[in-house]
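Trainee: This is the content of upload_17.pdb (PDB, C-alpha atoms):
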MODEL        1
ATOM      1  CA  MET A  14       2.745  30.913  17.430  1.00  0.00           C
ATOM      2  CA  ASN A  15       4.018  33.924  15.517  1.00  0.00           C
ATOM      3  CA  GLU A  16       1.176  36.441  15.700  1.00  0.00           C
ATOM      4  CA  SER A  17       2.155  37.991  12.355  1.00  0.00           C
ATOM      5  CA  TYR A  18       0.694  34.989  10.548  1.00  0.00           C
ATOM      6  CA  ILE A  19      -2.758  35.327  12.086  1.00  0.00           C
ATOM      7  CA  ALA A  20      -5.359  37.121   9.991  1.00  0.00           C
ATOM      8  CA  ARG A  21      -6.743  39.906  12.147  1.00  0.00           C
ATOM      9  CA  THR A  22      -9.404  41.191   9.796  1.00  0.00           C
ATOM     10  CA  SER A  23     -12.855  39.647   9.801  1.00  0.00           C
ATOM     11  CA  GLY A  24     -15.141  39.443   6.800  1.00  0.00           C
ATOM     12  CA  LEU A  25     -14.983  35.856   5.566  1.00  0.00           C
ATOM     13  CA  LYS A  26     -17.315  35.309   2.629  1.00  0.00           C
ATOM     14  CA  THR A  27     -19.618  32.392   1.896  1.00  0.00           C
ATOM     15  CA  LYS A  28     -17.163  30.998  -0.641  1.00  0.00           C
ATOM     16  CA  ASP A  29     -14.513  30.921   2.089  1.00  0.00           C
ATOM     17  CA  TYR A  30     -16.740  28.839   4.352  1.00  0.00           C
ATOM     18  CA  ILE A  31     -17.651  26.500   1.491  1.00  0.00           C
ATOM     19  CA  GLY A  32     -14.013  26.048   0.533  1.00  0.00           C
ATOM     20  CA  TYR A  33     -13.132  25.312   4.148  1.00  0.00           C
ATOM     21  CA  ALA A  34     -15.950  22.761   4.404  1.00  0.00           C
ATOM     22  CA  MET A  35     -14.916  21.006   1.189  1.00  0.00           C
ATOM     23  CA  ILE A  36     -11.538  20.144   2.693  1.00  0.00           C
ATOM     24  CA  ASP A  37     -13.257  18.055   5.339  1.00  0.00           C
ATOM     25  CA  THR A  38     -15.645  16.659   2.733  1.00  0.00           C
ATOM     26  CA  ALA A  39     -12.661  15.189   0.906  1.00  0.00           C
ATOM     27  CA  GLY A  40     -11.007  13.955   4.082  1.00  0.00           C
ATOM     28  CA  CYS A  41     -14.156  12.340   5.461  1.00  0.00           C
ATOM     29  CA  LEU A  42     -14.982  10.789   2.089  1.00  0.00           C
ATOM     30  CA  VAL A  43     -11.736   8.819   2.122  1.00  0.00           C
ATOM     31  CA  PHE A  44     -11.887   8.151   5.860  1.00  0.00           C
ATOM     32  CA  SER A  45     -15.452   6.822   5.541  1.00  0.00           C
ATOM     33  CA  LEU A  46     -14.344   4.489   2.760  1.00  0.00           C
ATOM     34  CA  VAL A  47     -11.805   3.016   5.146  1.00  0.00           C
ATOM     35  CA  THR A  48     -14.025   2.728   8.208  1.00  0.00           C
ATOM     36  CA  THR A  49     -17.078   1.440   6.316  1.00  0.00           C
ATOM     37  CA  LEU A  50     -15.701  -0.822   3.595  1.00  0.00           C
ATOM     38  CA  LEU A  51     -12.024  -1.635   4.013  1.00  0.00           C
ATOM     39  CA  GLN A  52     -12.132  -4.361   6.660  1.00  0.00           C
ATOM     40  CA  LYS A  53     -14.814  -6.278   4.753  1.00  0.00           C
ATOM     41  CA  PHE A  54     -12.838  -5.725   1.554  1.00  0.00           C
ATOM     42  CA  TYR A  55      -9.763  -7.277   3.154  1.00  0.00           C
ATOM     43  CA  THR A  56     -11.644 -10.389   4.283  1.00  0.00           C
ATOM     44  CA  ASP A  57     -13.937 -10.933   1.276  1.00  0.00           C
ATOM     45  CA  ILE A  58     -11.773  -9.733  -1.633  1.00  0.00           C
ATOM     46  CA  PHE A  59      -8.171 -10.051  -0.428  1.00  0.00           C
ATOM     47  CA  HIS A  60      -9.023 -13.044   1.811  1.00  0.00           C
ATOM     48  CA  LEU A  61      -6.767 -11.802   4.597  1.00  0.00           C
ATOM     49  CA  SER A  62      -7.092 -13.353   8.029  1.00  0.00           C
ATOM     50  CA  PRO A  63      -8.816 -11.301  10.750  1.00  0.00           C
ATOM     51  CA  LEU A  64      -5.708 -11.711  12.923  1.00  0.00           C
ATOM     52  CA  PHE A  65      -3.451 -10.141  10.305  1.00  0.00           C
ATOM     53  CA  ILE A  66      -5.909  -7.292   9.734  1.00  0.00           C
ATOM     54  CA  MET A  67      -6.055  -6.592  13.469  1.00  0.00           C
ATOM     55  CA  LEU A  68      -2.250  -6.571  13.785  1.00  0.00           C
ATOM     56  CA  MET A  69      -1.913  -4.323  10.741  1.00  0.00           C
ATOM     57  CA  PHE A  70      -4.424  -1.841  12.159  1.00  0.00           C
ATOM     58  CA  ILE A  71      -2.644  -1.826  15.529  1.00  0.00           C
ATOM     59  CA  ALA A  72       0.731  -1.220  13.874  1.00  0.00           C
ATOM     60  CA  ALA A  73      -0.758   1.610  11.817  1.00  0.00           C
ATOM     61  CA  ARG A  74      -2.225   3.256  14.932  1.00  0.00           C
ATOM     62  CA  ILE A  75       1.152   3.055  16.677  1.00  0.00           C
ATOM     63  CA  TRP A  76       2.800   4.700  13.679  1.00  0.00           C
ATOM     64  CA  ASP A  77       0.073   7.376  13.670  1.00  0.00           C
ATOM     65  CA  GLY A  78       0.919   8.122  17.286  1.00  0.00           C
ATOM     66  CA  ILE A  79       4.485   8.788  16.176  1.00  0.00           C
ATOM     67  CA  ASN A  80       4.026  10.692  12.928  1.00  0.00           C
ATOM     68  CA  ASP A  81       1.106  12.911  14.011  1.00  0.00           C
ATOM     69  CA  PRO A  82       3.218  14.932  16.489  1.00  0.00           C
ATOM     70  CA  ILE A  83       6.044  15.016  13.950  1.00  0.00           C
ATOM     71  CA  MET A  84       3.729  16.507  11.329  1.00  0.00           C
ATOM     72  CA  GLY A  85       2.414  19.023  13.829  1.00  0.00           C
ATOM     73  CA  ARG A  86       5.951  20.054  14.676  1.00  0.00           C
ATOM     74  CA  ILE A  87       6.850  20.423  11.001  1.00  0.00           C
ATOM     75  CA  CYS A  88       3.824  22.651  10.382  1.00  0.00           C
ATOM     76  CA  ASP A  89       4.622  24.878  13.343  1.00  0.00           C
ATOM     77  CA  THR A  90       8.334  25.291  12.622  1.00  0.00           C
ATOM     78  CA  ALA A  91       8.501  25.340   8.815  1.00  0.00           C
ATOM     79  CA  LYS A  92       8.923  28.768   7.262  1.00  0.00           C
ATOM     80  CA  PRO A  93       5.559  29.934   5.860  1.00  0.00           C
ATOM     81  CA  GLY A  94       5.423  30.346   2.096  1.00  0.00           C
ATOM     82  CA  LYS A  95       3.168  32.399  -0.140  1.00  0.00           C
ATOM     83  CA  GLY A  96       0.208  30.212   0.780  1.00  0.00           C
ATOM     84  CA  GLY A  97       0.742  30.649   4.495  1.00  0.00           C
ATOM     85  CA  ARG A  98       1.812  28.169   7.138  1.00  0.00           C
ATOM     86  CA  TYR A  99      -0.831  25.457   6.737  1.00  0.00           C
ATOM     87  CA  ARG A 100      -2.539  25.773   3.342  1.00  0.00           C
ATOM     88  CA  PRO A 101       0.379  24.415   1.251  1.00  0.00           C
ATOM     89  CA  TRP A 102       0.421  21.165   3.228  1.00  0.00           C
ATOM     90  CA  ILE A 103      -3.268  20.638   2.499  1.00  0.00           C
ATOM     91  CA  LEU A 104      -2.633  21.141  -1.214  1.00  0.00           C
ATOM     92  CA  TYR A 105       0.352  18.780  -1.140  1.00  0.00           C
ATOM     93  CA  ALA A 106      -1.714  16.044   0.533  1.00  0.00           C
ATOM     94  CA  ALA A 107      -4.745  16.217  -1.765  1.00  0.00           C
ATOM     95  CA  PHE A 108      -3.455  14.034  -4.604  1.00  0.00           C
ATOM     96  CA  PRO A 109      -1.653  11.432  -2.425  1.00  0.00           C
ATOM     97  CA  LEU A 110      -4.794  11.027  -0.319  1.00  0.00           C
ATOM     98  CA  ALA A 111      -6.982  10.478  -3.387  1.00  0.00           C
ATOM     99  CA  LEU A 112      -4.406   8.077  -4.824  1.00  0.00           C
ATOM    100  CA  SER A 113      -4.237   6.091  -1.592  1.00  0.00           C
ATOM    101  CA  ALA A 114      -8.020   5.660  -1.623  1.00  0.00           C
ATOM    102  CA  VAL A 115      -7.861   4.061  -5.064  1.00  0.00           C
ATOM    103  CA  LEU A 116      -4.804   1.917  -4.333  1.00  0.00           C
ATOM    104  CA  MET A 117      -6.285   0.443  -1.150  1.00  0.00           C
ATOM    105  CA  PHE A 118      -9.257  -0.931  -3.104  1.00  0.00           C
ATOM    106  CA  LEU A 119      -7.340  -1.906  -6.229  1.00  0.00           C
ATOM    107  CA  ARG A 120      -6.902  -5.638  -6.779  1.00  0.00           C
ATOM    108  CA  PHE A 121      -4.180  -6.728  -9.160  1.00  0.00           C
ATOM    109  CA  PRO A 122      -4.264 -10.181 -10.806  1.00  0.00           C
ATOM    110  CA  GLY A 123      -3.524 -12.935  -8.308  1.00  0.00           C
ATOM    111  CA  MET A 124      -4.271 -10.897  -5.206  1.00  0.00           C
ATOM    112  CA  GLY A 125      -6.421 -12.770  -2.733  1.00  0.00           C
ATOM    113  CA  GLU A 126      -5.651 -16.093  -4.385  1.00  0.00           C
ATOM    114  CA  GLU A 127      -3.763 -19.032  -2.927  1.00  0.00           C
ATOM    115  CA  GLY A 128      -0.024 -18.651  -3.354  1.00  0.00           C
ATOM    116  CA  HIS A 129      -0.113 -14.849  -3.277  1.00  0.00           C
ATOM    117  CA  THR A 130      -0.884 -14.348   0.405  1.00  0.00           C
ATOM    118  CA  VAL A 131       2.428 -12.692   1.293  1.00  0.00           C
ATOM    119  CA  ALA A 132       2.283 -10.296  -1.650  1.00  0.00           C
ATOM    120  CA  THR A 133      -1.312  -9.406  -0.797  1.00  0.00           C
ATOM    121  CA  CYS A 134      -0.412  -8.767   2.849  1.00  0.00           C
ATOM    122  CA  VAL A 135       2.507  -6.545   1.866  1.00  0.00           C
ATOM    123  CA  TYR A 136       0.384  -4.599  -0.617  1.00  0.00           C
ATOM    124  CA  ALA A 137      -2.426  -4.093   1.900  1.00  0.00           C
ATOM    125  CA  THR A 138       0.006  -2.922   4.577  1.00  0.00           C
ATOM    126  CA  VAL A 139       1.905  -0.494   2.345  1.00  0.00           C
ATOM    127  CA  THR A 140      -1.214   1.093   0.851  1.00  0.00           C
ATOM    128  CA  TYR A 141      -2.933   1.375   4.237  1.00  0.00           C
ATOM    129  CA  ILE A 142       0.114   3.031   5.831  1.00  0.00           C
ATOM    130  CA  PHE A 143       0.363   5.316   2.798  1.00  0.00           C
ATOM    131  CA  PHE A 144      -3.254   6.348   3.339  1.00  0.00           C
ATOM    132  CA  GLY A 145      -2.623   7.048   7.014  1.00  0.00           C
ATOM    133  CA  MET A 146       0.356   9.277   6.288  1.00  0.00           C
ATOM    134  CA  ALA A 147      -1.441  11.205   3.529  1.00  0.00           C
ATOM    135  CA  TYR A 148      -4.422  11.678   5.844  1.00  0.00           C
ATOM    136  CA  THR A 149      -2.111  12.998   8.559  1.00  0.00           C
ATOM    137  CA  VAL A 150      -0.521  15.525   6.194  1.00  0.00           C
ATOM    138  CA  LEU A 151      -4.010  16.782   5.309  1.00  0.00           C
ATOM    139  CA  GLN A 152      -5.724  16.782   8.690  1.00  0.00           C
ATOM    140  CA  ILE A 153      -3.001  18.089  11.014  1.00  0.00           C
ATOM    141  CA  PRO A 154      -2.609  21.450   9.230  1.00  0.00           C
ATOM    142  CA  PHE A 155      -6.330  21.600   8.479  1.00  0.00           C
ATOM    143  CA  GLY A 156      -7.103  21.292  12.174  1.00  0.00           C
ATOM    144  CA  SER A 157      -4.991  24.382  12.816  1.00  0.00           C
ATOM    145  CA  LEU A 158      -6.231  26.412   9.867  1.00  0.00           C
ATOM    146  CA  ALA A 159      -9.213  28.042  11.592  1.00  0.00           C
ATOM    147  CA  SER A 160      -6.978  29.531  14.279  1.00  0.00           C
ATOM    148  CA  VAL A 161      -5.004  31.539  11.721  1.00  0.00           C
ATOM    149  CA  VAL A 162      -7.741  32.360   9.224  1.00  0.00           C
ATOM    150  CA  THR A 163      -9.459  34.808  11.565  1.00  0.00           C
ATOM    151  CA  THR A 164      -9.346  36.014  15.157  1.00  0.00           C
ATOM    152  CA  ASP A 165     -13.088  36.711  15.165  1.00  0.00           C
ATOM    153  CA  ALA A 166     -14.791  34.260  17.562  1.00  0.00           C
ATOM    154  CA  HIS A 167     -18.059  34.310  15.604  1.00  0.00           C
ATOM    155  CA  GLU A 168     -16.303  33.484  12.345  1.00  0.00           C
ATOM    156  CA  ARG A 169     -14.387  30.663  13.984  1.00  0.00           C
ATOM    157  CA  SER A 170     -17.680  29.237  15.238  1.00  0.00           C
ATOM    158  CA  LYS A 171     -19.126  29.422  11.734  1.00  0.00           C
ATOM    159  CA  LEU A 172     -16.054  27.673  10.354  1.00  0.00           C
ATOM    160  CA  SER A 173     -16.639  24.860  12.834  1.00  0.00           C
ATOM    161  CA  VAL A 174     -20.267  24.531  11.724  1.00  0.00           C
ATOM    162  CA  TRP A 175     -19.322  24.494   8.059  1.00  0.00           C
ATOM    163  CA  ARG A 176     -16.649  21.899   8.762  1.00  0.00           C
ATOM    164  CA  SER A 177     -19.293  19.639  10.314  1.00  0.00           C
ATOM    165  CA  ILE A 178     -21.492  20.096   7.250  1.00  0.00           C
ATOM    166  CA  GLY A 179     -18.597  19.216   4.976  1.00  0.00           C
ATOM    167  CA  ALA A 180     -17.827  16.093   6.988  1.00  0.00           C
ATOM    168  CA  ALA A 181     -21.448  14.940   6.776  1.00  0.00           C
ATOM    169  CA  LEU A 182     -21.498  15.435   3.008  1.00  0.00           C
ATOM    170  CA  GLY A 183     -18.335  13.363   2.684  1.00  0.00           C
ATOM    171  CA  SER A 184     -19.985  10.295   4.202  1.00  0.00           C
ATOM    172  CA  ILE A 185     -22.991  10.237   1.849  1.00  0.00           C
ATOM    173  CA  PRO A 186     -21.237   8.779  -1.247  1.00  0.00           C
ATOM    174  CA  VAL A 187     -19.798   5.964   0.874  1.00  0.00           C
ATOM    175  CA  LEU A 188     -23.254   5.009   2.106  1.00  0.00           C
ATOM    176  CA  LEU A 189     -24.404   4.843  -1.510  1.00  0.00           C
ATOM    177  CA  ILE A 190     -21.468   2.598  -2.446  1.00  0.00           C
ATOM    178  CA  ALA A 191     -22.159   0.330   0.525  1.00  0.00           C
ATOM    179  CA  SER A 192     -25.804  -0.020  -0.506  1.00  0.00           C
ATOM    180  CA  PHE A 193     -24.898  -1.939  -3.679  1.00  0.00           C
ATOM    181  CA  ALA A 194     -21.524  -3.451  -2.695  1.00  0.00           C
ATOM    182  CA  TYR A 195     -22.897  -6.635  -1.129  1.00  0.00           C
ATOM    183  CA  GLU A 196     -24.712  -9.725  -2.368  1.00  0.00           C
ATOM    184  CA  LYS A 197     -26.325 -12.504  -0.379  1.00  0.00           C
ATOM    185  CA  ARG A 198     -24.270 -15.689  -0.173  1.00  0.00           C
ATOM    186  CA  LEU A 199     -25.822 -18.701  -1.912  1.00  0.00           C
ATOM    187  CA  ASP A 200     -25.137 -22.386  -1.389  1.00  0.00           C
ATOM    188  CA  ALA A 201     -24.640 -24.985  -4.147  1.00  0.00           C
ATOM    189  CA  ASN A 202     -28.406 -25.261  -4.587  1.00  0.00           C
ATOM    190  CA  GLY A 203     -28.905 -21.531  -4.961  1.00  0.00           C
ATOM    191  CA  ASN A 204     -30.389 -21.063  -1.496  1.00  0.00           C
ATOM    192  CA  VAL A 205     -29.491 -18.085   0.669  1.00  0.00           C
ATOM    193  CA  VAL A 206     -27.002 -18.994   3.402  1.00  0.00           C
ATOM    194  CA  LEU A 207     -28.128 -17.890   6.851  1.00  0.00           C
ATOM    195  CA  GLY A 208     -25.923 -17.035   9.801  1.00  0.00           C
ATOM    196  CA  GLU A 209     -26.365 -18.121  13.401  1.00  0.00           C
ATOM    197  CA  ASN A 210     -28.638 -15.141  13.994  1.00  0.00           C
ATOM    198  CA  GLY A 211     -30.945 -16.263  11.193  1.00  0.00           C
ATOM    199  CA  LYS A 212     -29.995 -13.389   8.896  1.00  0.00           C
ATOM    200  CA  ALA A 213     -28.596 -13.791   5.396  1.00  0.00           C
ATOM    201  CA  ILE A 214     -24.800 -13.743   5.075  1.00  0.00           C
ATOM    202  CA  THR A 215     -23.562 -11.159   2.585  1.00  0.00           C
ATOM    203  CA  ASP A 216     -20.290 -11.014   0.656  1.00  0.00           C
ATOM    204  CA  MET A 217     -18.667  -7.900  -0.751  1.00  0.00           C
ATOM    205  CA  GLN A 218     -18.444  -7.709  -4.546  1.00  0.00           C
ATOM    206  CA  TYR A 219     -15.319  -6.202  -6.089  1.00  0.00           C
ATOM    207  CA  ALA A 220     -16.786  -4.624  -9.231  1.00  0.00           C
ATOM    208  CA  PRO A 221     -19.277  -2.217  -7.597  1.00  0.00           C
ATOM    209  CA  VAL A 222     -16.730  -1.225  -4.949  1.00  0.00           C
ATOM    210  CA  ILE A 223     -13.944  -0.284  -7.355  1.00  0.00           C
ATOM    211  CA  ARG A 224     -16.415   1.524  -9.630  1.00  0.00           C
ATOM    212  CA  GLY A 225     -17.706   3.487  -6.663  1.00  0.00           C
ATOM    213  CA  VAL A 226     -14.232   4.363  -5.442  1.00  0.00           C
TER     214      VAL A 226
ENDMDL
END
Output the file's structure as C-alpha cells, nothing else.
Mentor:
Amino acid sequence: MNESYIARTSGLKTKDYIGYAMIDTAGCLVFSLVTTLLQKFYTDIFHLSPLFIMLMFIAARIWDGINDPIMGRICDTAKPGKGGRYRPWILYAAFPLALSAVLMFLRFPGMGEEGHTVATCVYATVTYIFFGMAYTVLQIPFGSLASVVTTDAHERSKLSVWRSIGAALGSIPVLLIASFAYEKRLDANGNVVLGENGKAITDMQYAPVIRGV
C-alpha cells in the first residue's frame, strides 16, 4: 500500500467515530433484513420453492467469491481522488444498497401468483444479486478504511469498538419489523393451525414488512 495515503496524525474526534460506526449501522441494517426476513418472504409472499431459493443463494455466494476479490483489487489499484482511496466507494454504494433493500421486498402485481412463477424467480434473483454487489462495494472498502484513517493503535481499537456498536444498532429496527410481520395461520373454522411440534404456524404478512422496510 502506498504509505502516502495513510493518515499519520492521531486525534480522531467523537464525530469521526460516530460517522464510522454509522456506516456499519447502514450495512448491518440491510444485511439483517436479508438474513432475518428474506427467506420467509420468498416462501410466504413470493411462493418460491425452497429448492429454488437454496440454488439462488448458492449461486449468489459463488458470485460473491468472484466479485469480492475483484472489488478489493479495484480499491487498491484505482487512483485515489479527493475523498481518498476508499471513502468514495462507500458513498457510491450507499444509494444502490438502500434501493436494493426496497426492491427485494417489493411485490408487483401478479408476483407470487400462479402463472407468474418464472417472472417472480427472475425478479428475486436479479434483486438479490444486485443487493450482494452493492453490499460488496460498501463493505470491501469500509473494511480497509480503519487502516488508512490513522496509524495510532489505540484509535484503531476504538474504531473497531465503535464499528461493533454501529452493527448492533443496525439490527434493532429489523427485530422490531419481525415482531409484527407474522400472523398465526388459521384453518377454515378460524382455529390456529399447529405444527408437528405443537406450536402455532405463522405466515409472513406483506403490508407490515414493506412498511417497515
Trainee: Taking the file above as input, evaluate the PyMOL selection byres ((chain A and resi 196-198) around 12) and report the hits as a ChimeraX atom specification.
Mentor: /A:57,191-195,199-208,212-222
Trainee: Is it possible to get the axis-aligned box enclosing region 181-191 of chain A (all listed atoms, 3 Å extra per side) as lines of an AutoDock Vina configuration file, with centre and edge lengths in Å rounded to one decimal?
Mentor:
center_x = -21.4
center_y = 7.9
center_z = 2.2
size_x = 12.1
size_y = 21.1
size_z = 15.2
Trainee: Which residue out of A:Ala159, A:Cys41, A:Ile75, A:Ile223 has the minimum interatomic distance to Ile190 (chain A) when all atoms listed in the file are used?
Mentor: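 For Ile190 (chain A), the nearest of the given residues is A:Ile223.
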Trainee: Which neighbours of Thr133 (chain A) fall inside 8 Å, counting all atoms listed in the file, when residues of the same chain fewer than 4 positions from it are skipped, and could you give them as a PyMOL selection string?
Mentor: chain A and resi 59+124-125+129+137
Trainee: Is there a way to get, as an MDAnalysis selection string, all residues within 12 Å of the point (-14.4, 28.4, 11.5) in file coordinates, counting all atoms listed in the file?
Mentor: chainID A and resid 23 25:27 29:34 155:178
Trainee: What would the file look like if the residues just selected were written as a PDB file, keeping the file's coordinate frame with C-alpha atoms?
Mentor:
ATOM      1  CA  SER A  23     -12.855  39.647   9.801  1.00  0.00           C
ATOM      2  CA  LEU A  25     -14.983  35.856   5.566  1.00  0.00           C
ATOM      3  CA  LYS A  26     -17.315  35.309   2.629  1.00  0.00           C
ATOM      4  CA  THR A  27     -19.618  32.392   1.896  1.00  0.00           C
ATOM      5  CA  ASP A  29     -14.513  30.921   2.089  1.00  0.00           C
ATOM      6  CA  TYR A  30     -16.740  28.839   4.352  1.00  0.00           C
ATOM      7  CA  ILE A  31     -17.651  26.500   1.491  1.00  0.00           C
ATOM      8  CA  GLY A  32     -14.013  26.048   0.533  1.00  0.00           C
ATOM      9  CA  TYR A  33     -13.132  25.312   4.148  1.00  0.00           C
ATOM     10  CA  ALA A  34     -15.950  22.761   4.404  1.00  0.00           C
ATOM     11  CA  PHE A 155      -6.330  21.600   8.479  1.00  0.00           C
ATOM     12  CA  GLY A 156      -7.103  21.292  12.174  1.00  0.00           C
ATOM     13  CA  SER A 157      -4.991  24.382  12.816  1.00  0.00           C
ATOM     14  CA  LEU A 158      -6.231  26.412   9.867  1.00  0.00           C
ATOM     15  CA  ALA A 159      -9.213  28.042  11.592  1.00  0.00           C
ATOM     16  CA  SER A 160      -6.978  29.531  14.279  1.00  0.00           C
ATOM     17  CA  VAL A 161      -5.004  31.539  11.721  1.00  0.00           C
ATOM     18  CA  VAL A 162      -7.741  32.360   9.224  1.00  0.00           C
ATOM     19  CA  THR A 163      -9.459  34.808  11.565  1.00  0.00           C
ATOM     20  CA  THR A 164      -9.346  36.014  15.157  1.00  0.00           C
ATOM     21  CA  ASP A 165     -13.088  36.711  15.165  1.00  0.00           C
ATOM     22  CA  ALA A 166     -14.791  34.260  17.562  1.00  0.00           C
ATOM     23  CA  HIS A 167     -18.059  34.310  15.604  1.00  0.00           C
ATOM     24  CA  GLU A 168     -16.303  33.484  12.345  1.00  0.00           C
ATOM     25  CA  ARG A 169     -14.387  30.663  13.984  1.00  0.00           C
ATOM     26  CA  SER A 170     -17.680  29.237  15.238  1.00  0.00           C
ATOM     27  CA  LYS A 171     -19.126  29.422  11.734  1.00  0.00           C
ATOM     28  CA  LEU A 172     -16.054  27.673  10.354  1.00  0.00           C
ATOM     29  CA  SER A 173     -16.639  24.860  12.834  1.00  0.00           C
ATOM     30  CA  VAL A 174     -20.267  24.531  11.724  1.00  0.00           C
ATOM     31  CA  TRP A 175     -19.322  24.494   8.059  1.00  0.00           C
ATOM     32  CA  ARG A 176     -16.649  21.899   8.762  1.00  0.00           C
ATOM     33  CA  SER A 177     -19.293  19.639  10.314  1.00  0.00           C
ATOM     34  CA  ILE A 178     -21.492  20.096   7.250  1.00  0.00           C
TER      35      ILE A 178
END
Trainee: Hey, can you pull every residue with an atom no more than 10 Å from (-3.9, 11.2, 6.0), using all atoms listed in the file, and send it as a PDB file with C-alpha atoms, in the coordinates of the input?
Mentor:
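Listed below is the output, selection-v4.pdb:
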ATOM      1  CA  GLY A  40     -11.007  13.955   4.082  1.00  0.00           C
ATOM      2  CA  VAL A  43     -11.736   8.819   2.122  1.00  0.00           C
ATOM      3  CA  PHE A  44     -11.887   8.151   5.860  1.00  0.00           C
ATOM      4  CA  ASP A  77       0.073   7.376  13.670  1.00  0.00           C
ATOM      5  CA  ASP A  81       1.106  12.911  14.011  1.00  0.00           C
ATOM      6  CA  ALA A 106      -1.714  16.044   0.533  1.00  0.00           C
ATOM      7  CA  ALA A 107      -4.745  16.217  -1.765  1.00  0.00           C
ATOM      8  CA  PRO A 109      -1.653  11.432  -2.425  1.00  0.00           C
ATOM      9  CA  LEU A 110      -4.794  11.027  -0.319  1.00  0.00           C
ATOM     10  CA  ALA A 111      -6.982  10.478  -3.387  1.00  0.00           C
ATOM     11  CA  SER A 113      -4.237   6.091  -1.592  1.00  0.00           C
ATOM     12  CA  ILE A 142       0.114   3.031   5.831  1.00  0.00           C
ATOM     13  CA  PHE A 143       0.363   5.316   2.798  1.00  0.00           C
ATOM     14  CA  PHE A 144      -3.254   6.348   3.339  1.00  0.00           C
ATOM     15  CA  GLY A 145      -2.623   7.048   7.014  1.00  0.00           C
ATOM     16  CA  MET A 146       0.356   9.277   6.288  1.00  0.00           C
ATOM     17  CA  ALA A 147      -1.441  11.205   3.529  1.00  0.00           C
ATOM     18  CA  TYR A 148      -4.422  11.678   5.844  1.00  0.00           C
ATOM     19  CA  THR A 149      -2.111  12.998   8.559  1.00  0.00           C
ATOM     20  CA  VAL A 150      -0.521  15.525   6.194  1.00  0.00           C
ATOM     21  CA  LEU A 151      -4.010  16.782   5.309  1.00  0.00           C
ATOM     22  CA  GLN A 152      -5.724  16.782   8.690  1.00  0.00           C
ATOM     23  CA  ILE A 153      -3.001  18.089  11.014  1.00  0.00           C
TER      24      ILE A 153
END
Trainee: Nearest residue to His60 (chain A) out of A:Ala180, A:Val131, A:Val139, A:Ile185, using all atoms listed in the file?
Mentor: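 Smallest separation from His60 (chain A) among the options: A:Val131.
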Trainee: Would you work out the distance separating CA of Thr140 (chain A) from CA of Met117 (chain A), expressed in Å to one decimal?
Mentor: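 Distance between the two atoms: 5.5 Å.
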Trainee: Distance CA of Met35 (chain A)-CA of Arg120 (chain A), one decimal place?
Mentor: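 A separation of 28.9 Å between them.
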Trainee: When distances are computed from only C-alpha atoms, which of A:Leu64, A:Val226, A:Ala39, A:Ile87 shows the smallest separation from Leu104 (chain A)?
Mentor: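 The answer is A:Ala39, which sits nearest to Leu104 (chain A).
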Trainee: Considering only C-alpha atoms, can you say which of A:Leu51, A:Thr138, A:Arg224, A:Ala132 comes closest to Ile71 (chain A)?
Mentor: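 Ranking A:Leu51, A:Thr138, A:Arg224, A:Ala132 by distance to Ile71 (chain A), first place goes to A:Thr138.
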Trainee: For a quick check of understanding, using only C-alpha atoms, which of A:Gly128, A:Thr56, A:Val135, A:Leu46 has the smallest distance to Gly183 (chain A)?
Mentor: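 Residue with the minimum atom-to-atom distance to Gly183 (chain A): A:Leu46.
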